[in-house]
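The file my_file_39.txt contains compact mmCIF, C-alpha atoms:
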# COMPACT_ATOMS: atom_id res chain seq x y z
CA MET T 20 17.38 -56.47 -2.90
CA ALA T 21 20.65 -54.89 -1.71
CA ARG T 22 22.11 -56.34 1.46
CA PHE T 23 23.94 -54.51 4.20
CA ASP T 24 27.68 -55.35 4.17
CA LYS T 25 28.72 -55.81 7.83
CA SER T 26 32.43 -56.07 7.02
CA SER T 27 32.31 -52.77 5.12
CA ALA T 28 30.57 -51.02 8.00
CA LYS T 29 33.04 -52.47 10.47
CA SER T 30 35.97 -51.32 8.36
CA THR T 31 34.51 -47.84 8.14
CA LYS T 32 34.10 -47.65 11.91
CA GLN T 33 37.70 -48.82 12.44
CA ASP T 34 39.02 -46.23 10.01
CA ALA T 35 37.03 -43.52 11.80
CA ALA T 36 38.38 -44.68 15.15
CA VAL T 37 41.96 -44.52 13.86
CA THR T 38 41.37 -41.05 12.46
CA ASN T 39 39.88 -39.83 15.74
CA THR T 40 42.83 -41.32 17.65
CA ARG T 41 45.29 -39.52 15.42
CA ARG T 42 43.41 -36.27 15.88
CA ALA T 43 43.37 -36.76 19.64
CA LYS T 44 47.15 -37.23 19.69
CA LYS T 45 47.66 -33.86 18.00
CA SER T 46 48.65 -31.31 20.63
CA THR T 47 46.29 -28.39 21.13
CA ALA T 48 48.53 -26.61 23.64
CA PRO T 49 49.47 -23.06 22.60
CA SER T 50 53.01 -22.48 21.44
CA ILE T 51 55.32 -20.23 23.42
CA GLU T 52 54.90 -17.47 20.84
CA ASP T 53 51.10 -17.67 21.23
CA THR T 54 51.44 -16.95 24.95
CA MET T 55 53.59 -13.87 24.38
CA PHE T 56 51.42 -10.77 24.44
CA PHE T 57 53.19 -8.42 22.04
CA PRO T 58 53.98 -10.92 19.26
CA ARG T 59 50.36 -12.11 19.41
CA LEU T 60 49.10 -8.53 19.38
CA ARG T 61 51.30 -7.59 16.44
CA ARG T 62 50.36 -10.71 14.45
CA HIS T 63 46.60 -10.31 14.86
CA ALA T 64 46.55 -6.52 14.69
CA LYS T 65 48.50 -6.62 11.44
CA TRP T 66 45.63 -8.46 9.77
CA MET T 67 43.21 -5.91 11.22
CA PHE T 68 45.35 -3.15 9.71
CA VAL T 69 45.34 -4.88 6.32
CA PHE T 70 41.57 -5.21 6.50
CA LEU T 71 41.12 -1.54 7.39
CA ALA T 72 43.48 -0.43 4.64
CA VAL T 73 41.66 -2.52 2.03
CA ALA T 74 38.23 -1.45 3.28
CA LEU T 75 39.10 2.23 3.36
CA GLY T 76 40.93 2.03 0.06
CA GLY T 77 37.90 0.36 -1.48
CA GLY T 78 35.76 3.13 -0.07
CA PHE T 79 38.01 5.72 -1.70
CA VAL T 80 37.62 4.02 -5.08
CA LEU T 81 33.91 3.41 -4.65
CA PHE T 82 33.05 6.98 -3.77
CA GLY T 83 35.75 8.72 -5.77
CA VAL T 84 37.40 10.23 -2.70
CA GLY T 85 40.76 11.81 -3.43
CA ALA T 86 40.70 10.64 -7.04
CA GLY T 87 39.39 13.85 -8.52
CA GLY T 88 37.15 11.82 -10.80
CA THR T 89 33.75 10.19 -10.82
CA GLY T 90 33.20 7.28 -8.47
CA VAL T 91 30.41 4.74 -8.24
CA GLY T 92 28.81 6.93 -5.58
CA ASP T 93 28.61 9.77 -8.11
CA ILE T 94 26.95 7.48 -10.61
CA LEU T 95 24.39 6.36 -8.03
CA ARG T 96 23.71 10.02 -7.23
CA GLY T 97 23.03 10.78 -10.85
CA GLY T 98 26.51 10.83 -12.31
CA GLY T 99 29.27 13.34 -11.76
CA GLY T 100 26.95 16.03 -10.48
CA SER T 101 25.46 16.65 -13.95
CA GLY T 102 21.91 16.55 -12.57
CA GLY T 103 22.66 18.80 -9.56
CA PRO T 104 23.69 22.40 -9.08
CA SER T 105 27.04 23.52 -10.49
CA ILE T 106 29.64 24.85 -8.06
CA SER T 107 30.87 27.45 -10.53
CA ASP T 108 27.35 28.66 -11.35
CA ALA T 109 26.47 28.93 -7.66
CA GLN T 110 29.70 30.81 -6.93
CA LYS T 111 28.87 33.31 -9.67
CA LYS T 112 25.46 33.88 -8.09
CA THR T 113 26.91 34.44 -4.62
CA SER T 114 29.51 36.82 -6.03
CA SER T 115 26.83 38.73 -7.89
CA ASP T 116 24.62 39.01 -4.80
CA PRO T 117 26.27 38.04 -1.48
CA THR T 118 22.90 38.32 0.30
CA ASP T 119 21.17 35.75 -1.94
CA VAL T 120 20.25 32.98 0.51
CA ALA T 121 19.09 30.64 -2.25
CA ALA T 122 22.43 31.01 -4.06
CA TRP T 123 24.42 30.18 -0.92
CA ARG T 124 22.18 27.19 -0.24
CA GLU T 125 22.73 26.04 -3.82
CA LEU T 126 26.48 26.40 -3.39
CA SER T 127 26.38 24.40 -0.17
CA THR T 128 24.44 21.61 -1.89
CA ALA T 129 26.84 21.54 -4.85
CA LEU T 130 29.87 21.35 -2.56
CA GLN T 131 28.30 18.54 -0.56
CA SER T 132 27.64 16.59 -3.76
CA ALA T 133 31.30 17.02 -4.67
CA GLY T 134 32.39 15.71 -1.27
CA GLN T 135 33.88 19.06 -0.21
CA THR T 136 32.49 19.07 3.31
CA ASP T 137 34.80 21.75 4.69
CA GLU T 138 33.87 24.20 1.94
CA ALA T 139 30.18 23.25 2.22
CA ILE T 140 30.27 24.20 5.90
CA LYS T 141 31.50 27.68 5.00
CA ALA T 142 28.65 28.14 2.51
CA GLN T 143 26.07 26.72 4.92
CA THR T 144 27.34 29.00 7.69
CA THR T 145 26.56 31.94 5.43
CA VAL T 146 23.07 30.54 4.82
CA ALA T 147 22.49 30.31 8.59
CA ALA T 148 23.81 33.85 9.08
CA LEU T 149 21.54 35.29 6.39
CA ALA T 150 18.53 33.30 7.66
CA PRO T 151 19.11 33.01 11.43
CA LYS T 152 15.59 31.71 12.13
CA ASP T 153 15.72 29.00 9.49
CA THR T 154 15.87 25.79 11.54
CA ASP T 155 16.34 23.65 8.42
CA ALA T 156 19.46 25.61 7.53
CA LEU T 157 20.81 25.21 11.06
CA ARG T 158 20.02 21.51 11.09
CA GLU T 159 21.86 21.10 7.78
CA LEU T 160 24.83 22.96 9.24
CA ALA T 161 24.80 20.75 12.34
CA SER T 162 24.80 17.56 10.26
CA LEU T 163 27.68 18.87 8.15
CA TYR T 164 29.71 19.52 11.30
CA LEU T 165 29.00 15.97 12.48
CA ALA T 166 30.11 14.59 9.11
CA GLN T 167 33.29 16.63 9.38
CA ALA T 168 33.92 15.38 12.92
CA ASN T 169 33.50 11.75 11.81
CA ALA T 170 35.82 12.21 8.83
CA LYS T 171 38.57 13.81 10.94
CA GLN T 172 38.21 11.14 13.61
CA GLN T 173 38.47 8.29 11.09
CA GLU T 174 41.48 9.87 9.41
CA GLY T 175 43.19 10.23 12.78
CA GLN T 176 42.43 6.63 13.78
CA LEU T 177 43.82 5.27 10.53
CA LEU T 178 46.99 7.32 10.93
CA GLN T 179 47.33 6.02 14.50
CA ILE T 180 47.18 2.44 13.21
CA LYS T 181 49.76 3.14 10.53
CA THR T 182 52.02 4.77 13.09
CA ALA T 183 51.67 1.94 15.60
CA TYR T 184 52.61 -0.75 13.07
CA ALA T 185 55.34 1.00 11.10
CA GLY T 186 59.06 0.34 11.20
CA ILE T 187 61.54 -2.48 10.80
CA GLY T 188 60.02 -4.53 13.59
CA GLN T 189 56.99 -5.23 11.43
CA GLY T 190 59.01 -7.19 8.89
CA PHE T 191 60.19 -9.60 11.58
CA PRO T 192 57.40 -10.09 14.16
CA GLY T 193 58.90 -10.97 17.52
CA ALA T 194 62.49 -10.51 16.35
CA PHE T 195 62.95 -7.37 18.42
CA ILE T 196 60.66 -8.41 21.30
CA ALA T 197 61.81 -10.33 24.36
CA PRO T 198 59.61 -13.10 25.84
CA THR T 199 58.62 -10.57 28.50
CA GLY T 200 57.17 -8.32 25.79
CA GLN T 201 59.90 -5.68 26.11
CA ALA T 202 61.82 -4.33 23.10
CA LEU T 203 65.34 -5.74 22.68
CA LEU T 204 66.44 -3.02 20.24
CA GLU T 205 65.28 0.50 19.63
CA ASP T 206 63.24 0.71 16.42
CA THR T 207 64.60 3.99 15.04
CA ILE T 208 62.31 3.98 12.00
CA SER T 209 59.23 3.60 14.16
CA SER T 210 60.40 6.41 16.42
CA VAL T 211 60.89 8.77 13.48
CA ILE T 212 57.50 7.91 11.96
CA LYS T 213 55.83 8.40 15.32
CA SER T 214 57.43 11.81 15.83
CA GLN T 215 56.34 12.85 12.34
CA ASN T 216 52.74 11.62 12.61
CA THR T 217 51.91 12.52 16.21
CA PRO T 218 51.36 16.25 15.53
CA ARG T 219 49.00 15.42 12.67
CA ILE T 220 47.09 12.93 14.82
CA GLN T 221 46.67 15.57 17.52
CA GLU T 222 45.59 18.12 14.92
CA LEU T 223 42.92 15.77 13.56
CA ALA T 224 41.67 14.99 17.08
CA SER T 225 41.34 18.70 17.84
CA ALA T 226 39.56 19.34 14.53
CA ALA T 227 37.11 16.49 15.18
CA GLN T 228 36.36 17.84 18.67
CA ALA T 229 35.87 21.38 17.36
CA ALA T 230 33.47 20.17 14.65
CA ALA T 231 31.44 18.12 17.13
CA THR T 232 31.22 21.12 19.47
CA ALA T 233 30.09 23.34 16.58
CA SER T 234 27.32 20.84 15.84
CA VAL T 235 26.13 21.12 19.44
CA ASP T 236 26.10 24.91 19.15
CA SER T 237 23.94 24.68 16.02
CA TYR T 238 21.41 22.48 17.80
CA ARG T 239 21.40 24.88 20.74
CA ARG T 240 20.37 27.64 18.34
CA ILE T 241 17.59 25.43 16.98
CA ALA T 242 16.40 24.70 20.52
CA THR T 243 16.28 28.43 21.23
CA ILE T 244 14.14 29.02 18.14
CA SER T 245 11.88 26.01 18.82
CA PRO T 246 11.87 25.59 22.61
CA GLY T 247 8.70 23.47 22.57
CA ASP T 248 9.96 20.83 20.12
CA PRO T 249 11.02 17.65 21.99
CA ASN T 250 12.68 16.19 18.89
CA VAL T 251 15.15 19.08 18.85
CA GLN T 252 16.13 18.20 22.41
CA LEU T 253 16.81 14.62 21.33
CA GLU T 254 18.97 15.82 18.45
CA LEU T 255 20.84 18.14 20.79
CA ALA T 256 21.46 15.30 23.25
CA GLN T 257 22.79 13.02 20.53
CA ALA T 258 25.13 15.71 19.18
CA ALA T 259 26.33 16.44 22.73
CA GLN T 260 27.01 12.75 23.27
CA GLN T 261 29.29 12.64 20.22
CA ALA T 262 31.06 15.78 21.41
CA GLY T 263 31.55 14.30 24.86
CA ASP T 264 29.48 17.10 26.41
CA THR T 265 27.77 15.14 29.15
CA ALA T 266 26.31 18.18 30.92
CA THR T 267 24.51 19.38 27.79
CA MET T 268 23.34 15.85 27.03
CA ILE T 269 21.74 15.49 30.48
CA LEU T 270 20.02 18.88 30.24
CA ALA T 271 18.66 18.07 26.79
CA TYR T 272 17.36 14.67 27.88
CA ARG T 273 15.62 16.23 30.88
CA ALA T 274 14.09 18.92 28.67
CA PHE T 275 12.83 16.21 26.32
CA LEU T 276 11.14 14.32 29.16
CA LYS T 277 9.54 17.52 30.40
CA LEU T 278 8.14 18.27 26.93
CA ALA T 279 7.13 14.71 26.04
CA PRO T 280 6.93 12.47 29.11
CA ASP T 281 4.72 9.93 27.30
CA ASP T 282 6.73 9.78 24.08
CA ALA T 283 7.74 6.34 22.81
CA ASN T 284 11.40 7.30 23.34
CA ALA T 285 10.85 8.41 26.94
CA PRO T 286 11.73 5.01 28.54
CA ILE T 287 15.01 4.88 26.62
CA VAL T 288 15.85 8.44 27.64
CA ARG T 289 15.12 7.68 31.30
CA GLN T 290 17.40 4.65 31.08
CA GLN T 291 20.14 6.80 29.57
CA LEU T 292 19.82 9.31 32.40
CA LYS T 293 19.96 6.51 34.96
CA GLN T 294 23.18 5.19 33.41
CA LEU T 295 24.70 8.66 33.30
CA ALA T 296 23.85 9.18 36.95
CA ALA T 297 25.53 5.87 37.84
CA THR T 298 28.67 6.71 35.85
CA PRO T 299 31.32 8.45 37.94
CA SER T 300 32.30 11.84 36.53
CA GLY T 301 35.81 12.16 35.01
If you took the structure in this file and wrote it as structure tokens, what would it be?
Amino acid sequence: MARFDKSSAKSTKQDAAVTNTRRAKKSTAPSIEDTMFFPRLRRHAKWMFVFLAVALGGGFVLFGVGAGGTGVGDILRGGGGSGGPSISDAQKKTSSDPTDVAAWRELSTALQSAGQTDEAIKAQTTVAALAPKDTDALRELASLYLAQANAKQQEGQLLQIKTAYAGIGQGFPGAFIAPTGQALLEDTISSVIKSQNTPRIQELASAAQAAATASVDSYRRIATISPGDPNVQLELAQAAQQAGDTATMILAYRAFLKLAPDDANAPIVRQQLKQLAATPSG
């Protein structure tokens, strides 16, 4: 029968005590650099920028964006668009008969499959114009506008990050920053990059806002065609929220409650209205 070795246990406890003592002596106080706001912001935000760049770059490869080739997303959708409508064939049909709604719808679908959202919107706009009472066509158009708004917004945000962390100061974190957080030297490179990118950032922001507003307009048209459908009012409210159109969002939520006061979503909508009422207007 094995016996318990008291001396071994005692030695183990002593070693653990020494280790704990050594750990306790190690200072946990933050360094001076850790207490400085801008160096800390630059150091941590840089890793966030690297993560975003890798994530977005991986997304470009995964879905074939900007590569002009076939990505994994194309394979998952059936491979390079071979199983879906052809853009060239659909364009021939629309050229042959500009009033062919089915041809324009086919072209819109083909462009969406190819990731050409801007061009798909043009084709879907024609579908909605040729079939103004087709709520499915309008709903498709609204969702395309939302996708466009999201894409423009993400592109603008990424460019903002690149602009904020560009220049010589990024190679030497804290080298051009005083302990107070103020710049010691003017970063000329950063200033030039900022002046070059700012107009594009503003352009993307405007495009995103315009697309979100267009989505709201599409849902308004659907609500006019189907005034008794509470789900349309919910969709309109959600689109208005993304567009920052609080007035339209409130009206749509109220219309939803009037049409479906006992709906399962009614309590959530009432809570949203209560929060909006408590939020001071801009």
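Closest approach to T:Gln172 from the set T:Gln228, T:Thr298, T:Gln215, T:Ser114 is made by T:Gln228, with distances taken over only C-alpha atoms.
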Inset, instruction - Would you mind telling me which residue in T:Ile180, T:Ala262, T:Lys213, T:Ala185 lies nearest to T:Leu165 when using only C-alpha atoms? - result: T:Ala262
Inset, instruction - Tell me which protein, DNA and RNA residues are within 10 Å of T:Val146, counting only C-alpha atoms, leaving out same-chain ones fewer than 4 positions away, and put them as a list in words. - result: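 Once the nearby chain positions are removed, what remains is Thr118, Asp119, Val120, Ala121, Ala122, Trp123, Arg124, Glu125, Leu126, Ser127, Ile140, Lys141, Ala142, Ala150, Pro151, Asp153, Ala156, Leu157, Glu159 and Leu160 of chain T.
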Inset, instruction - Find the spatial neighbours of T:Ala231, counting all atoms listed in the file, within a cut-off of 8 Å - ignore same-chain residues fewer than 5 positions away - and output them as a ChimeraX atom specification. - result: /T:164-165,168,258-259,261-262
With C-alpha atoms retained, could you export that selection as a tab-separated table (two decimals), in the coordinates of the input?
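The result, written out as part-v4.tsv:
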chain	number	residue	atom	x	y	z
T	164	TYR	CA	29.71	19.52	11.30
T	165	LEU	CA	29.00	15.97	12.48
T	168	ALA	CA	33.92	15.38	12.92
T	258	ALA	CA	25.13	15.71	19.18
T	259	ALA	CA	26.33	16.44	22.73
T	261	GLN	CA	29.29	12.64	20.22
T	262	ALA	CA	31.06	15.78	21.41
Legend entry - Å distance separating atom CA of T:Gly175 from atom CA of T:Leu223, one decimal place: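 Going from atom CA of T:Gly175 over to atom CA of T:Leu223 covers 5.6 Å.
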Inset, instruction - Quick one: pull the distance between atom CA of T:Ala274 and atom CA of T:Thr154, Å, one decimal. - result: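 Going from atom CA of T:Ala274 over to atom CA of T:Thr154, I get 18.5 Å.
Atom CA of T:Thr232 lies 24.5 Å from atom CA of T:Ala133.
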Inset, instruction - Select, from T:Asn284, T:Gln176, T:Ser245, T:Thr144, the residue with the minimum atom-to-atom distance to T:Glu222, counting all atoms listed in the file. - result: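 Of all the options, T:Gln176 lies closest to T:Glu222.
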Legend entry - Pick from T:Leu163, T:Leu130, T:Ala148, T:Leu177, whichever lies nearest to T:Arg219 using all atoms listed in the file: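 Answer, going by the shortest atom-to-atom distance: T:Leu177.
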Legend entry - Residues within 12 Å of T:Gln290, all atoms listed in the file, excluding chain neighbours under 5 positions, as a list in words: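 Contacts, in chain order: Ile269, Tyr272, Arg273, Leu276, Asn284, Ala285, Leu295, Ala296 and Ala297 of chain T.
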For the residues in that selection, give me C-alpha atoms as an mmCIF file, keeping the file's coordinate frame.
data_model
loop_
_atom_site.group_PDB
_atom_site.id
_atom_site.type_symbol
_atom_site.label_atom_id
_atom_site.label_comp_id
_atom_site.auth_asym_id
_atom_site.auth_seq_id
_atom_site.Cartn_x
_atom_site.Cartn_y
_atom_site.Cartn_z
ATOM 1 C CA ILE T 269 21.740 15.490 30.480
ATOM 2 C CA TYR T 272 17.360 14.670 27.880
ATOM 3 C CA ARG T 273 15.620 16.230 30.880
ATOM 4 C CA LEU T 276 11.140 14.320 29.160
ATOM 5 C CA ASN T 284 11.400 7.300 23.340
ATOM 6 C CA ALA T 285 10.850 8.410 26.940
ATOM 7 C CA LEU T 295 24.700 8.660 33.300
ATOM 8 C CA ALA T 296 23.850 9.180 36.950
ATOM 9 C CA ALA T 297 25.530 5.870 37.840
#
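For the residues T:Asp248, T:Asp137, T:Glu254, T:Asp281, ranking by smallest atom-to-atom distance to T:Ala227 using only C-alpha atoms places T:Asp137 first.
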Inset, instruction - Check the smallest atom-to-atom distance from each of T:Gln167, T:Thr113, T:Ser107, T:Ser214 to T:Gly134 using all atoms listed in the file, then report the winner. - result: T:Gln167
